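Below: work_25.cif (mmCIF, C-alpha atoms)
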```cif
data_upload
#
loop_
_atom_site.label_atom_id
_atom_site.label_comp_id
_atom_site.auth_asym_id
_atom_site.auth_seq_id
_atom_site.Cartn_x
_atom_site.Cartn_y
_atom_site.Cartn_z
CA MET A 937 0.00 0.00 0.00
CA LYS A 938 2.83 2.41 0.83
CA LYS A 939 4.41 1.94 -2.59
CA ILE A 940 1.10 2.56 -4.37
CA ILE A 941 0.43 5.72 -2.37
CA LEU A 942 3.99 6.96 -2.96
CA LEU A 943 3.71 6.36 -6.71
CA ALA A 944 0.38 8.20 -6.81
CA ALA A 945 1.82 11.08 -4.79
CA VAL A 946 4.75 11.49 -7.18
CA LEU A 947 2.41 11.44 -10.19
CA TYR A 948 -0.05 13.89 -8.61
CA PHE A 949 2.59 16.41 -7.56
CA LEU A 950 4.20 16.27 -11.00
CA VAL A 951 0.91 16.89 -12.84
CA ALA A 952 -0.95 19.28 -10.53
CA PRO A 953 1.23 22.41 -10.96
CA PHE A 954 0.93 22.42 -14.76
CA THR A 955 -2.86 22.23 -15.03
CA TYR A 956 -5.27 25.01 -14.16
CA HIS A 957 -8.99 25.50 -13.69
CA PRO A 958 -10.43 28.83 -12.46
CA ASP A 959 -12.88 27.15 -10.06
CA THR A 960 -10.02 25.86 -7.91
CA LYS A 961 -8.86 29.44 -7.45
CA LEU A 962 -12.37 30.89 -7.11
CA VAL A 963 -13.51 28.81 -4.14
CA LEU A 964 -10.39 29.82 -2.21
CA TYR A 965 -11.01 33.47 -3.02
CA TYR A 966 -14.12 33.60 -0.82
CA PRO A 967 -12.30 32.93 2.50
CA THR A 968 -9.93 35.85 1.77
CA LEU A 969 -12.70 38.47 1.67
CA ASN A 970 -12.30 41.36 4.09
CA ASN A 971 -8.90 40.05 5.20
CA SER A 972 -10.37 36.62 6.00
CA LYS A 973 -12.70 38.07 8.63
CA VAL A 974 -15.95 37.01 6.95
CA TRP A 975 -17.82 34.08 8.49
CA ASN A 976 -21.24 34.69 6.96
CA ILE A 977 -20.31 34.61 3.29
CA TYR A 978 -23.93 34.84 2.11
CA THR A 979 -24.71 38.12 3.87
CA TYR A 980 -21.36 39.58 2.86
CA LEU A 981 -21.84 38.86 -0.85
CA ASN A 982 -25.37 40.22 -0.78
CA THR A 983 -24.48 43.44 1.06
CA HIS A 984 -21.12 44.26 -0.57
CA GLN A 985 -20.20 44.91 -4.16
CA ASP A 986 -18.14 42.03 -5.48
CA ASP A 987 -17.71 40.58 -8.97
CA ALA A 988 -17.49 37.01 -7.71
CA PRO A 989 -20.48 34.70 -8.28
CA LYS A 990 -22.73 33.97 -5.32
CA PHE A 991 -21.59 31.12 -3.05
CA HIS A 992 -23.91 28.17 -3.79
CA TYR A 993 -22.57 25.64 -1.28
CA PRO A 994 -23.63 24.95 2.35
CA PRO A 995 -21.98 26.88 5.21
CA MET A 996 -19.82 23.93 6.26
CA HIS A 997 -18.19 23.99 2.85
CA TYR A 998 -17.13 27.61 3.36
CA TRP A 999 -15.79 26.90 6.85
CA VAL A 1000 -13.70 24.01 5.54
CA LEU A 1001 -12.27 26.34 2.89
CA LYS A 1002 -11.33 28.82 5.62
CA ALA A 1003 -9.53 26.03 7.49
CA GLU A 1004 -7.77 25.03 4.26
CA LEU A 1005 -6.59 28.56 3.39
CA PRO A 1006 -3.66 28.84 5.90
CA LEU A 1007 -2.01 25.74 4.40
CA VAL A 1008 -2.52 27.12 0.89
CA LYS A 1009 -0.92 30.43 1.93
CA LEU A 1010 1.96 28.62 3.64
CA ILE A 1011 2.85 26.79 0.43
CA GLY A 1012 2.01 29.55 -2.05
CA GLY A 1013 3.45 32.49 -0.11
CA LYS A 1014 1.87 35.80 0.87
CA ASN A 1015 1.24 36.94 -2.71
CA ILE A 1016 -1.11 34.06 -3.44
CA VAL A 1017 -3.98 36.05 -1.92
CA ASN A 1018 -3.53 38.71 -4.60
CA TRP A 1019 -3.45 35.97 -7.24
CA LEU A 1020 -6.73 34.55 -5.94
CA LYS A 1021 -8.31 37.94 -6.59
CA THR A 1022 -7.28 38.09 -10.26
CA GLY A 1023 -9.67 37.13 -13.05
CA GLY A 1024 -9.91 33.47 -13.94
CA ASN A 1025 -9.22 34.18 -17.61
CA VAL A 1026 -5.86 35.84 -16.94
CA ALA A 1027 -4.57 34.24 -13.74
CA PHE A 1028 -2.67 31.57 -15.69
CA ASN A 1029 -0.32 34.31 -17.02
CA ASP A 1030 1.23 34.88 -13.59
CA PRO A 1031 4.92 33.81 -13.48
CA LYS A 1032 4.25 31.89 -10.25
CA VAL A 1033 1.20 30.07 -11.57
CA TYR A 1034 2.84 26.64 -11.15
CA LEU A 1035 3.48 27.28 -7.46
CA TYR A 1036 0.00 28.70 -6.94
CA ASN A 1037 -1.63 25.76 -8.70
CA LEU A 1038 0.22 23.34 -6.46
CA ALA A 1039 -0.63 25.35 -3.34
CA CYS A 1040 -4.36 25.43 -4.15
CA LYS A 1041 -4.47 21.72 -4.94
CA PHE A 1042 -2.15 20.51 -2.16
CA PRO A 1043 -4.85 19.89 0.52
CA LEU A 1044 -7.04 18.16 -2.08
CA LEU A 1045 -4.21 15.87 -3.21
CA ILE A 1046 -3.55 14.81 0.37
CA LEU A 1047 -7.23 13.95 0.83
CA ILE A 1048 -7.28 11.94 -2.41
CA LEU A 1049 -4.34 9.86 -1.16
CA LEU A 1050 -5.96 9.47 2.26
CA SER A 1051 -9.20 8.36 0.57
CA GLY A 1052 -7.24 5.66 -1.24
CA VAL A 1053 -5.96 4.33 2.08
CA LEU A 1054 -9.50 4.42 3.49
CA ILE A 1055 -10.90 2.45 0.54
CA GLY A 1056 -8.29 -0.25 1.11
CA LYS A 1057 -8.98 -0.33 4.86
CA ILE A 1058 -12.74 -0.58 4.24
CA ALA A 1059 -12.25 -3.57 1.93
CA ILE A 1060 -9.99 -5.37 4.42
CA LYS A 1061 -12.32 -4.63 7.34
CA ASN A 1062 -15.18 -6.21 5.40
CA GLY A 1063 -13.35 -9.49 4.92
CA TYR A 1064 -11.65 -9.08 1.54
CA LYS A 1065 -8.10 -10.19 0.90
CA LYS A 1066 -5.22 -7.76 0.72
CA GLU A 1067 -4.99 -8.24 -3.06
CA ILE A 1068 -8.58 -7.00 -3.48
CA ALA A 1069 -7.91 -4.02 -1.22
CA LEU A 1070 -4.77 -3.04 -3.15
CA LYS A 1071 -6.62 -3.36 -6.46
CA ALA A 1072 -9.37 -1.06 -5.16
CA ILE A 1073 -6.75 1.51 -4.09
CA LYS A 1074 -5.11 1.41 -7.53
CA ILE A 1075 -8.44 1.88 -9.29
CA TRP A 1076 -9.33 4.86 -7.10
CA LEU A 1077 -5.95 6.56 -7.44
CA PHE A 1078 -5.22 5.98 -11.14
CA ASN A 1079 -8.58 5.91 -12.93
CA PRO A 1080 -9.30 8.65 -15.54
CA LEU A 1081 -12.09 10.29 -13.52
CA THR A 1082 -10.04 10.80 -10.34
CA LEU A 1083 -7.04 12.04 -12.33
CA TYR A 1084 -9.16 14.42 -14.40
CA SER A 1085 -11.49 15.80 -11.76
CA ALA A 1086 -9.30 15.92 -8.67
CA VAL A 1087 -5.69 16.13 -9.89
CA ILE A 1088 -5.92 17.99 -13.20
CA MET A 1089 -8.94 20.21 -12.50
CA GLY A 1090 -8.54 20.45 -8.73
CA GLN A 1091 -12.26 20.13 -7.98
CA ASN A 1092 -12.93 20.11 -4.24
CA ASP A 1093 -15.57 17.34 -4.13
CA ILE A 1094 -12.96 15.33 -2.23
CA LEU A 1095 -13.60 17.61 0.77
CA ALA A 1096 -16.93 15.77 1.18
CA ILE A 1097 -15.93 12.35 -0.14
CA CYS A 1098 -13.11 11.84 2.37
CA PRO A 1099 -15.17 12.30 5.59
CA PHE A 1100 -17.86 10.10 4.06
CA LEU A 1101 -15.32 7.30 3.57
CA ILE A 1102 -14.18 7.67 7.18
CA GLY A 1103 -17.81 7.23 8.21
CA LEU A 1104 -18.15 4.22 5.92
CA TYR A 1105 -15.22 2.60 7.70
CA PHE A 1106 -17.23 2.73 10.97
CA TYR A 1107 -20.59 1.91 9.36
CA SER A 1108 -20.95 -1.65 10.70
CA ASP A 1109 -19.60 -1.38 14.24
CA LEU A 1110 -20.01 2.30 15.24
CA PRO A 1111 -23.11 3.44 13.34
CA PHE A 1112 -23.77 6.65 15.28
CA LEU A 1113 -20.21 7.84 14.66
CA ALA A 1114 -20.56 6.83 11.01
CA PHE A 1115 -23.77 8.80 10.51
CA PHE A 1116 -22.34 11.80 12.33
CA LEU A 1117 -19.51 11.77 9.78
CA PHE A 1118 -22.04 11.27 6.98
CA GLY A 1119 -23.76 14.40 8.28
CA VAL A 1120 -20.48 16.32 8.21
CA SER A 1121 -19.89 15.14 4.65
CA GLY A 1122 -23.42 16.08 3.54
CA SER A 1123 -23.05 19.47 5.17
CA ILE A 1124 -20.07 20.17 2.90
CA LYS A 1125 -21.79 19.04 -0.31
CA ASN A 1126 -25.29 17.63 -0.63
CA TYR A 1127 -24.62 14.31 -2.40
CA PRO A 1128 -23.48 12.38 0.71
CA LEU A 1129 -26.72 13.33 2.46
CA ILE A 1130 -28.60 11.21 -0.11
CA TRP A 1131 -26.13 8.38 0.53
CA ALA A 1132 -26.63 8.72 4.30
CA ILE A 1133 -30.42 8.41 4.01
CA ILE A 1134 -30.07 5.33 1.81
CA LEU A 1135 -27.51 3.71 4.14
CA ALA A 1136 -29.79 4.37 7.11
CA LEU A 1137 -32.77 2.70 5.43
CA ILE A 1138 -30.77 -0.38 4.38
CA TYR A 1139 -28.85 -0.72 7.68
CA PRO A 1140 -28.96 -4.46 8.53
CA LYS A 1141 -30.40 -6.19 11.59
CA VAL A 1142 -31.89 -3.17 13.35
CA SER A 1143 -35.44 -1.94 13.83
CA TRP A 1144 -36.98 0.71 11.61
CA PHE A 1145 -36.95 3.04 14.58
CA LYS A 1146 -33.15 2.81 14.80
CA LYS A 1147 -32.85 3.22 11.03
CA ILE A 1148 -34.80 6.48 11.27
CA VAL A 1149 -32.70 7.63 14.23
CA LEU A 1150 -29.49 6.98 12.31
CA GLY A 1151 -30.76 8.92 9.30
CA THR A 1152 -31.87 11.73 11.62
CA VAL A 1153 -28.33 12.05 12.98
CA ALA A 1154 -26.98 12.88 9.51
CA VAL A 1155 -29.92 15.03 8.38
CA GLY A 1156 -30.09 16.77 11.77
CA LEU A 1157 -26.43 17.78 11.62
CA TYR A 1158 -26.98 19.08 8.08
CA LEU A 1159 -29.93 21.20 9.19
CA LEU A 1160 -28.13 22.35 12.34
CA SER A 1161 -25.20 23.64 10.27
CA MET A 1162 -27.59 25.71 8.15
CA ALA A 1163 -29.96 26.81 10.92
CA PRO A 1164 -28.43 30.30 11.42
CA PHE A 1165 -28.94 31.09 7.73
CA LEU A 1166 -32.34 29.58 6.92
CA GLY A 1167 -34.13 32.85 7.68
CA LEU A 1168 -32.18 34.69 4.97
CA ASN A 1169 -34.02 34.93 1.65
CA TYR A 1170 -30.79 35.16 -0.34
CA PHE A 1171 -29.40 32.06 1.42
CA ARG A 1172 -32.44 30.05 0.39
CA GLU A 1173 -32.18 31.34 -3.18
CA ASP A 1174 -28.41 30.94 -3.50
CA VAL A 1175 -28.09 27.56 -1.77
CA LEU A 1176 -31.33 25.66 -1.14
CA TYR A 1177 -33.09 26.57 -4.39
CA SER A 1178 -30.07 27.03 -6.62
CA GLY A 1179 -29.77 25.15 -9.90
CA LEU A 1180 -27.18 22.82 -8.36
CA SER A 1181 -29.58 21.73 -5.60
CA ILE A 1182 -32.80 21.24 -7.59
CA ARG A 1183 -31.30 19.85 -10.80
CA MET A 1184 -32.29 16.29 -9.88
CA PHE A 1185 -35.97 17.34 -9.99
CA GLU A 1186 -35.86 18.57 -13.58
CA SER A 1187 -36.14 15.19 -15.33
CA VAL A 1188 -39.90 14.56 -15.40
CA LEU A 1189 -42.65 12.51 -17.01
CA ASN A 1190 -45.67 14.65 -17.84
CA ILE A 1191 -48.94 12.86 -16.90
CA GLY A 1192 -51.31 15.68 -17.89
CA PHE A 1193 -53.31 18.38 -16.12
CA GLY A 1194 -50.07 20.11 -15.12
CA GLU A 1195 -48.89 17.14 -13.07
CA LYS A 1196 -45.50 15.49 -13.45
CA ILE A 1197 -43.69 12.46 -12.13
CA LEU A 1198 -40.15 13.28 -10.93
CA LEU A 1199 -38.07 10.50 -12.46
CA VAL A 1200 -34.98 10.67 -10.27
CA PRO A 1201 -36.86 10.49 -6.91
CA VAL A 1202 -39.00 7.64 -8.30
CA LEU A 1203 -35.94 5.63 -9.33
CA LEU A 1204 -34.16 6.35 -6.04
CA LEU A 1205 -37.21 4.98 -4.23
CA VAL A 1206 -37.05 1.86 -6.42
CA VAL A 1207 -33.35 1.46 -5.50
CA ILE A 1208 -34.19 1.69 -1.79
CA LEU A 1209 -37.09 -0.76 -2.05
CA ILE A 1210 -34.94 -3.33 -3.88
CA ALA A 1211 -32.09 -2.89 -1.40
CA VAL A 1212 -34.39 -3.27 1.62
CA LYS A 1213 -36.17 -6.33 0.20
CA LYS A 1214 -32.89 -8.07 -0.71
CA ASN A 1215 -31.20 -6.83 2.50
CA LEU A 1216 -28.24 -5.56 0.49
CA GLY A 1217 -26.94 -3.60 3.47
CA ARG A 1218 -25.48 -6.83 4.89
CA SER A 1219 -22.39 -6.77 2.67
CA LEU A 1220 -19.94 -4.19 1.41
CA ARG A 1221 -20.58 -5.31 -2.16
CA GLY A 1222 -24.31 -4.72 -1.68
CA GLN A 1223 -23.78 -1.30 -0.07
CA MET A 1224 -21.45 -0.18 -2.85
CA SER A 1225 -23.83 -1.40 -5.55
CA VAL A 1226 -26.74 0.49 -4.00
CA LEU A 1227 -24.76 3.74 -3.66
CA LEU A 1228 -23.33 3.44 -7.18
CA THR A 1229 -26.78 2.82 -8.66
CA ALA A 1230 -28.32 5.77 -6.83
CA THR A 1231 -25.52 8.17 -7.79
CA ILE A 1232 -25.27 7.22 -11.44
CA LEU A 1233 -29.07 7.44 -11.78
CA ILE A 1234 -28.93 11.02 -10.52
CA LEU A 1235 -26.12 11.89 -12.92
CA GLY A 1236 -27.52 9.93 -15.84
CA LEU A 1237 -30.93 11.63 -15.72
CA THR A 1238 -29.78 15.20 -15.10
CA HIS A 1239 -27.53 17.75 -16.77
CA PHE A 1240 -24.20 17.11 -15.08
CA HIS A 1241 -20.67 18.43 -15.31
CA PRO A 1242 -18.18 15.68 -16.25
CA GLN A 1243 -16.02 16.25 -13.19
CA TRP A 1244 -18.95 15.29 -10.96
CA LEU A 1245 -18.51 11.65 -11.96
CA ILE A 1246 -15.79 11.41 -9.33
CA TRP A 1247 -18.71 10.87 -6.93
CA ILE A 1248 -19.17 7.31 -8.25
CA MET A 1249 -15.50 6.36 -8.05
CA PRO A 1250 -15.20 5.20 -4.39
CA PHE A 1251 -17.96 2.67 -5.08
CA VAL A 1252 -16.68 1.77 -8.55
CA ALA A 1253 -13.18 1.16 -7.17
CA ILE A 1254 -14.43 -1.42 -4.68
CA ILE A 1255 -16.88 -3.06 -7.12
CA LEU A 1256 -14.32 -3.37 -9.93
CA ALA A 1257 -11.79 -4.80 -7.48
CA ILE A 1258 -14.28 -7.49 -6.43
CA GLU A 1259 -15.85 -8.28 -9.81
CA LYS A 1260 -14.24 -9.11 -13.13
CA GLU A 1261 -16.98 -7.49 -15.21
CA ASN A 1262 -15.96 -3.92 -16.04
CA TRP A 1263 -17.18 -3.35 -19.61
CA TRP A 1264 -19.86 -0.91 -18.43
CA PHE A 1265 -17.23 1.39 -16.88
CA TRP A 1266 -15.16 1.57 -20.07
CA LEU A 1267 -18.35 2.20 -22.04
CA LEU A 1268 -18.85 5.29 -19.89
CA MET A 1269 -15.41 6.76 -20.55
CA PRO A 1270 -15.78 7.70 -24.27
CA ALA A 1271 -19.27 9.09 -23.63
CA VAL A 1272 -18.02 11.23 -20.74
CA ALA A 1273 -15.02 12.38 -22.78
CA LEU A 1274 -17.28 13.55 -25.62
CA ILE A 1275 -19.66 15.28 -23.20
CA THR A 1276 -16.63 17.10 -21.77
CA LEU A 1277 -15.42 18.24 -25.19
CA LEU A 1278 -18.88 19.50 -26.17
CA PHE A 1279 -19.17 21.82 -23.16
CA GLU A 1280 -18.78 25.51 -23.97
CA ASP A 1281 -16.04 25.80 -21.37
CA LYS A 1282 -12.48 25.77 -22.67
CA PHE A 1283 -11.18 25.15 -19.17
CA LEU A 1284 -12.61 21.62 -19.35
CA TYR A 1285 -10.15 20.61 -22.06
CA TRP A 1286 -7.31 22.64 -23.65
CA GLY A 1287 -7.82 25.54 -21.26
CA LEU A 1288 -6.48 23.23 -18.55
CA LEU A 1289 -3.01 23.56 -20.11
CA THR A 1290 -2.92 27.37 -20.30
CA PRO A 1291 -0.12 27.61 -17.70
CA ILE A 1292 2.08 25.80 -20.25
CA ASN A 1293 0.81 27.75 -23.28
CA SER A 1294 -1.49 30.73 -22.68
CA ASN A 1295 -2.41 30.88 -26.38
CA LEU A 1296 -4.53 27.76 -25.96
CA ILE A 1297 -7.29 29.96 -24.54
CA ASN A 1298 -7.67 31.52 -28.02
CA LEU A 1299 -8.64 28.23 -29.64
CA PRO A 1300 -12.36 27.83 -30.46
CA PHE A 1301 -14.76 25.70 -28.48
CA MET A 1302 -14.56 22.09 -29.57
CA GLY A 1303 -18.27 22.13 -30.39
CA GLN A 1304 -17.78 25.06 -32.77
CA TYR A 1305 -14.95 23.24 -34.49
CA LEU A 1306 -16.99 20.06 -34.94
CA GLN A 1307 -19.91 22.05 -36.32
CA THR A 1308 -17.67 23.40 -39.08
CA LYS A 1309 -16.99 19.75 -40.00
CA GLY A 1310 -20.71 19.04 -40.34
CA VAL A 1311 -21.17 17.24 -37.01
CA ASP A 1312 -24.59 17.56 -35.34
CA ILE A 1313 -23.22 18.29 -31.88
CA GLU A 1314 -26.66 18.44 -30.23
CA LEU A 1315 -27.44 14.90 -31.39
CA LEU A 1316 -23.95 13.70 -30.42
CA ASN A 1317 -24.28 15.23 -26.95
CA ASN A 1318 -27.72 13.68 -26.44
CA LEU A 1319 -26.43 10.27 -27.53
CA CYS A 1320 -23.59 10.48 -25.03
CA HIS A 1321 -25.95 11.43 -22.20
CA SER A 1322 -28.14 8.50 -23.27
CA VAL A 1323 -25.17 6.15 -22.84
CA VAL A 1324 -24.69 7.36 -19.26
CA ALA A 1325 -28.42 6.98 -18.59
CA GLY A 1326 -28.35 3.50 -20.16
CA VAL A 1327 -25.53 2.39 -17.87
CA ALA A 1328 -27.52 3.78 -14.93
CA ILE A 1329 -30.59 1.73 -15.91
CA TYR A 1330 -28.34 -1.31 -16.35
CA TRP A 1331 -27.17 -0.90 -12.75
CA LEU A 1332 -30.77 -0.63 -11.56
CA TRP A 1333 -31.49 -3.94 -13.32
CA ASN A 1334 -28.25 -5.43 -11.95
CA LEU A 1335 -29.27 -4.44 -8.42
CA GLY A 1336 -32.40 -6.56 -8.71
CA ASN A 1337 -30.28 -9.59 -9.68
CA LEU A 1338 -27.54 -9.11 -7.11
CA LYS A 1339 -26.87 -12.17 -5.01
CA HIS A 1340 -26.15 -11.85 -1.31
CA GLU A 1341 -22.51 -12.18 -0.31
CA ASN A 1342 -21.81 -12.98 3.35
CA ARG A 1343 -18.34 -12.14 4.67
CA LYS A 1344 -17.10 -12.11 8.24
#
```

Output the file's structure as structure tokens, nothing else.
Amino acid sequence: MKKIILLAAVLYFLVAPFTYHPDTKLVLYYPTLNNSKVWNIYTYLNTHQDDAPKFHYPPMHYWVLKAELPLVKLIGGKNIVNWLKTGGNVAFNDPKVYLYNLACKFPLLILILLSGVLIGKIAIKNGYKKEIALKAIKIWLFNPLTLYSAVIMGQNDILAICPFLIGLYFYSDLPFLAFFLFGVSGSIKNYPLIWAIILALIYPKVSWFKKIVLGTVAVGLYLLSMAPFLGLNYFREDVLYSGLSIRMFESVLNIGFGEKILLVPVLLLVVILIAVKKNLGRSLRGQMSVLLTATILILGLTHFHPQWLIWIMPFVAIILAIEKENWWFWLLMPAVALITLLFEDKFLYWGLLTPINSNLINLPFMGQYLQTKGVDIELLNNLCHSVVAGVAIYWLWNLGNLKHENRK
């Protein structure tokens, strides 16, 4: 395990300085406002003139960023704060951009490596051999989605994934601690809150009362972290009702008379019903299959950003390490790559390399280029999203056929 982690660390720290995405810089800009004295970021942005977009994440996310900032400043030096304030479309021209990139990504890279260790420990704790655990670690650390989203782009989803994995380690023997950590994770980004509710409902060998109590621990912590801000109209608009939060409710089936069936909640309910009936919470393989199915259904039936697929990778790493069948994962990769290239955001592809060559930002969008070659990019994009949705439906079908695996 040490050799694998060391190899990943060398690779990450060689790649991270030379790739750039403005979001990595933007999220760390918020904790610097008013000389880092701002604790209520929502009120500040709505009462002060600032060109930065509104902060759409829960309060815990902002507080974690404030805790992360001193380490970033220690590595990047005192001038990194001024760099964080520069425009995203010009920041890559700074002579110290390599150092600043590394500084901003450093805490994230450490958490990615730590998450790899946790995935291996979870596999071993659940009765799998060391070879399976090491394979799961390799898949997590070296797969295209982790490398692209976390190392190259520097997306901070790992801030929520890592505490969730710590909770998952304690899921079987210390459930209240596990669900407290799930609540912390969901308070940073919302996805793990859905996982926590599902894991509570499928928790094995306990009464429904205890299942509800466990779920309440996670949801209660989430609500408690937001309680001071719920009375603010702009907080509700910027966070609770933002496009990021309600996107999973946009895929609908119209049944007439102005009424609609929300497809994602319906399918999530089906996932839970199957998992409860088959008692899939008894094994790690069952838990991972349930969480993978739920997550990929959400992504497959909504408009998602490619980097968000890192959310499936902790579960995919364990499943692929256990099972030999992996064709569905490699079917996803070309579809996700094409979806990425068709986004009207240069920083999702060649814009990532602007620290090496700033002229790359002047290249056209890939979609524009393909259109000049006669490609119907709307049809191509829809086909790629259909592939992701198809894999999601496959996993829903697979969940119904999953056999119980008992490990001590």

Pick out the residues sitting within 7 Å of Val1200 (chain A), and hand them over as a list in words; count all atoms listed in the file, and ignore anything fewer than 6 positions along from it in its own chain.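 Result of the neighbour search: Met1184, Phe1185, Ser1187, Leu1233, Ile1234 and Leu1237 of chain A.
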
Using only C-alpha atoms, which of the listed residues (A:Leu1081, A:Lys1282, A:Val1327, A:Ile1297) sits closest to Asn1262 (chain A)?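 Among A:Leu1081, A:Lys1282, A:Val1327, A:Ile1297, it is A:Val1327 that comes nearest to Asn1262 (chain A).
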
I'd like to see the residues matched by the PyMOL selection byres ((chain A and resi 954) around 7) on this file, and ideally I'd get them as a ChimeraX atom specification. /A:951-953,955-956,1034,1289,1291-1292

Residues from the last selection, C-alpha atoms, saved as a short mmCIF file (atom, residue, chain, number, x, y, z; two decimals), keeping the file's coordinate frame:
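Once everything was written out, this is again32.cif:
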```cif
data_model
loop_
_atom_site.label_atom_id
_atom_site.label_comp_id
_atom_site.auth_asym_id
_atom_site.auth_seq_id
_atom_site.Cartn_x
_atom_site.Cartn_y
_atom_site.Cartn_z
CA VAL A 951 0.91 16.89 -12.84
CA ALA A 952 -0.95 19.28 -10.53
CA PRO A 953 1.23 22.41 -10.96
CA THR A 955 -2.86 22.23 -15.03
CA TYR A 956 -5.27 25.01 -14.16
CA TYR A 1034 2.84 26.64 -11.15
CA LEU A 1289 -3.01 23.56 -20.11
CA PRO A 1291 -0.12 27.61 -17.70
CA ILE A 1292 2.08 25.80 -20.25
#
```

Residue contacts of Leu1256 (chain A) (10 Å, only C-alpha atoms) excluding same-chain residues fewer than 4 positions away, as a VMD selection string: chain A and resid 1068 1071 to 1072 1075 1249 1251 to 1252 1260 to 1262 1265

Please indicate the distance in Å from CA of Leu1288 (chain A) to CA of Tyr1127 (chain A), rounded to one decimal place.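 For CA of Leu1288 (chain A) relative to CA of Tyr1127 (chain A), the distance reads 25.9 Å.
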
When the PyMOL selection byres ((chain A and resi 1041-1052) around 6) is applied to the structure above, which residues does it catch, written out as a list in words?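 Listing what the PyMOL selection byres ((chain A and resi 1041-1052) around 6) selects in the shown file: Leu1038, Ala1039, Cys1040, Val1053, Leu1054, Ile1055, Ile1073, Gly1090 and Cys1098 of chain A.
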
Cut-off 7 Å: closest region 1140-1167 of chain A/region 1104-1122 of chain A atom pairs per residue, using only C-alpha atoms, as CSV:
```
residue,atom,partner,partner_atom,distance
A:Leu1150,CA,A:Phe1115,CA,6.3
A:Val1153,CA,A:Phe1116,CA,6.0
A:Ala1154,CA,A:Gly1119,CA,3.8
A:Val1155,CA,A:Gly1119,CA,6.2
A:Leu1157,CA,A:Gly1119,CA,5.5
A:Tyr1158,CA,A:Gly1119,CA,5.7
```

Nearest to Met1302 (chain A), restricted to only C-alpha atoms and choosing among A:Ile1275, A:Leu1319, A:Leu1267, A:Ala1069, comes out as A:Ile1275

Best match for closeness to Val974 (chain A) among A:Leu962, A:His1239, A:Leu1176, A:Tyr998, counting all atoms listed in the file: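 Among the listed residues, A:Tyr998 lies closest to Val974 (chain A).
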
Record the distance separating CA of Thr1231 (chain A) and CA of Trp1247 (chain A), expressed in Å with one decimal.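 It comes out at 7.4 Å.
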
Interatomic distance between CA of Leu1077 (chain A) and CA of Ile1258 (chain A)?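 These atoms are spaced 16.4 Å apart.
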
For region 999-1010 of chain A: contacts at 10 Å, only C-alpha atoms, fewer than 6 positions along chain excluded, given as a compact mmCIF listing (two decimals) with C-alpha atoms, keeping the file's coordinate frame:
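Generated file (around_9.txt):
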```
# COMPACT_ATOMS: atom_id res chain seq x y z
CA VAL A 963 -13.51 28.81 -4.14
CA LEU A 964 -10.39 29.82 -2.21
CA TYR A 965 -11.01 33.47 -3.02
CA TYR A 966 -14.12 33.60 -0.82
CA PRO A 967 -12.30 32.93 2.50
CA THR A 968 -9.93 35.85 1.77
CA SER A 972 -10.37 36.62 6.00
CA LYS A 973 -12.70 38.07 8.63
CA VAL A 974 -15.95 37.01 6.95
CA TRP A 975 -17.82 34.08 8.49
CA ASN A 976 -21.24 34.69 6.96
CA ILE A 977 -20.31 34.61 3.29
CA ILE A 1016 -1.11 34.06 -3.44
CA VAL A 1017 -3.98 36.05 -1.92
CA TYR A 1036 0.00 28.70 -6.94
CA ASN A 1037 -1.63 25.76 -8.70
CA LEU A 1038 0.22 23.34 -6.46
CA ALA A 1039 -0.63 25.35 -3.34
CA CYS A 1040 -4.36 25.43 -4.15
CA LYS A 1041 -4.47 21.72 -4.94
CA PHE A 1042 -2.15 20.51 -2.16
CA PRO A 1043 -4.85 19.89 0.52
CA LEU A 1044 -7.04 18.16 -2.08
CA ASN A 1092 -12.93 20.11 -4.24
CA LEU A 1095 -13.60 17.61 0.77
CA ALA A 1096 -16.93 15.77 1.18
CA ILE A 1124 -20.07 20.17 2.90
```

Who sits within 12 Å of Leu1228 (chain A), only C-alpha atoms, same chain under 6 positions skipped, as an NGL selection string: :A and (1127-1128 or 1130-1131 or 1134 or 1204 or 1207 or 1220-1222 or 1234-1236 or 1245-1256 or 1265 or 1327-1332 or 1334-1335)

C-alpha atoms of the current selection, written as a tab-separated table (two decimals), in the coordinates of the input:
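What landed in part03.tsv:
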```
chain	number	residue	atom	x	y	z
A	1127	TYR	CA	-24.62	14.31	-2.40
A	1128	PRO	CA	-23.48	12.38	0.71
A	1130	ILE	CA	-28.60	11.21	-0.11
A	1131	TRP	CA	-26.13	8.38	0.53
A	1134	ILE	CA	-30.07	5.33	1.81
A	1204	LEU	CA	-34.16	6.35	-6.04
A	1207	VAL	CA	-33.35	1.46	-5.50
A	1220	LEU	CA	-19.94	-4.19	1.41
A	1221	ARG	CA	-20.58	-5.31	-2.16
A	1222	GLY	CA	-24.31	-4.72	-1.68
A	1234	ILE	CA	-28.93	11.02	-10.52
A	1235	LEU	CA	-26.12	11.89	-12.92
A	1236	GLY	CA	-27.52	9.93	-15.84
A	1245	LEU	CA	-18.51	11.65	-11.96
A	1246	ILE	CA	-15.79	11.41	-9.33
A	1247	TRP	CA	-18.71	10.87	-6.93
A	1248	ILE	CA	-19.17	7.31	-8.25
A	1249	MET	CA	-15.50	6.36	-8.05
A	1250	PRO	CA	-15.20	5.20	-4.39
A	1251	PHE	CA	-17.96	2.67	-5.08
A	1252	VAL	CA	-16.68	1.77	-8.55
A	1253	ALA	CA	-13.18	1.16	-7.17
A	1254	ILE	CA	-14.43	-1.42	-4.68
A	1255	ILE	CA	-16.88	-3.06	-7.12
A	1256	LEU	CA	-14.32	-3.37	-9.93
A	1265	PHE	CA	-17.23	1.39	-16.88
A	1327	VAL	CA	-25.53	2.39	-17.87
A	1328	ALA	CA	-27.52	3.78	-14.93
A	1329	ILE	CA	-30.59	1.73	-15.91
A	1330	TYR	CA	-28.34	-1.31	-16.35
A	1331	TRP	CA	-27.17	-0.90	-12.75
A	1332	LEU	CA	-30.77	-0.63	-11.56
A	1334	ASN	CA	-28.25	-5.43	-11.95
A	1335	LEU	CA	-29.27	-4.44	-8.42
```
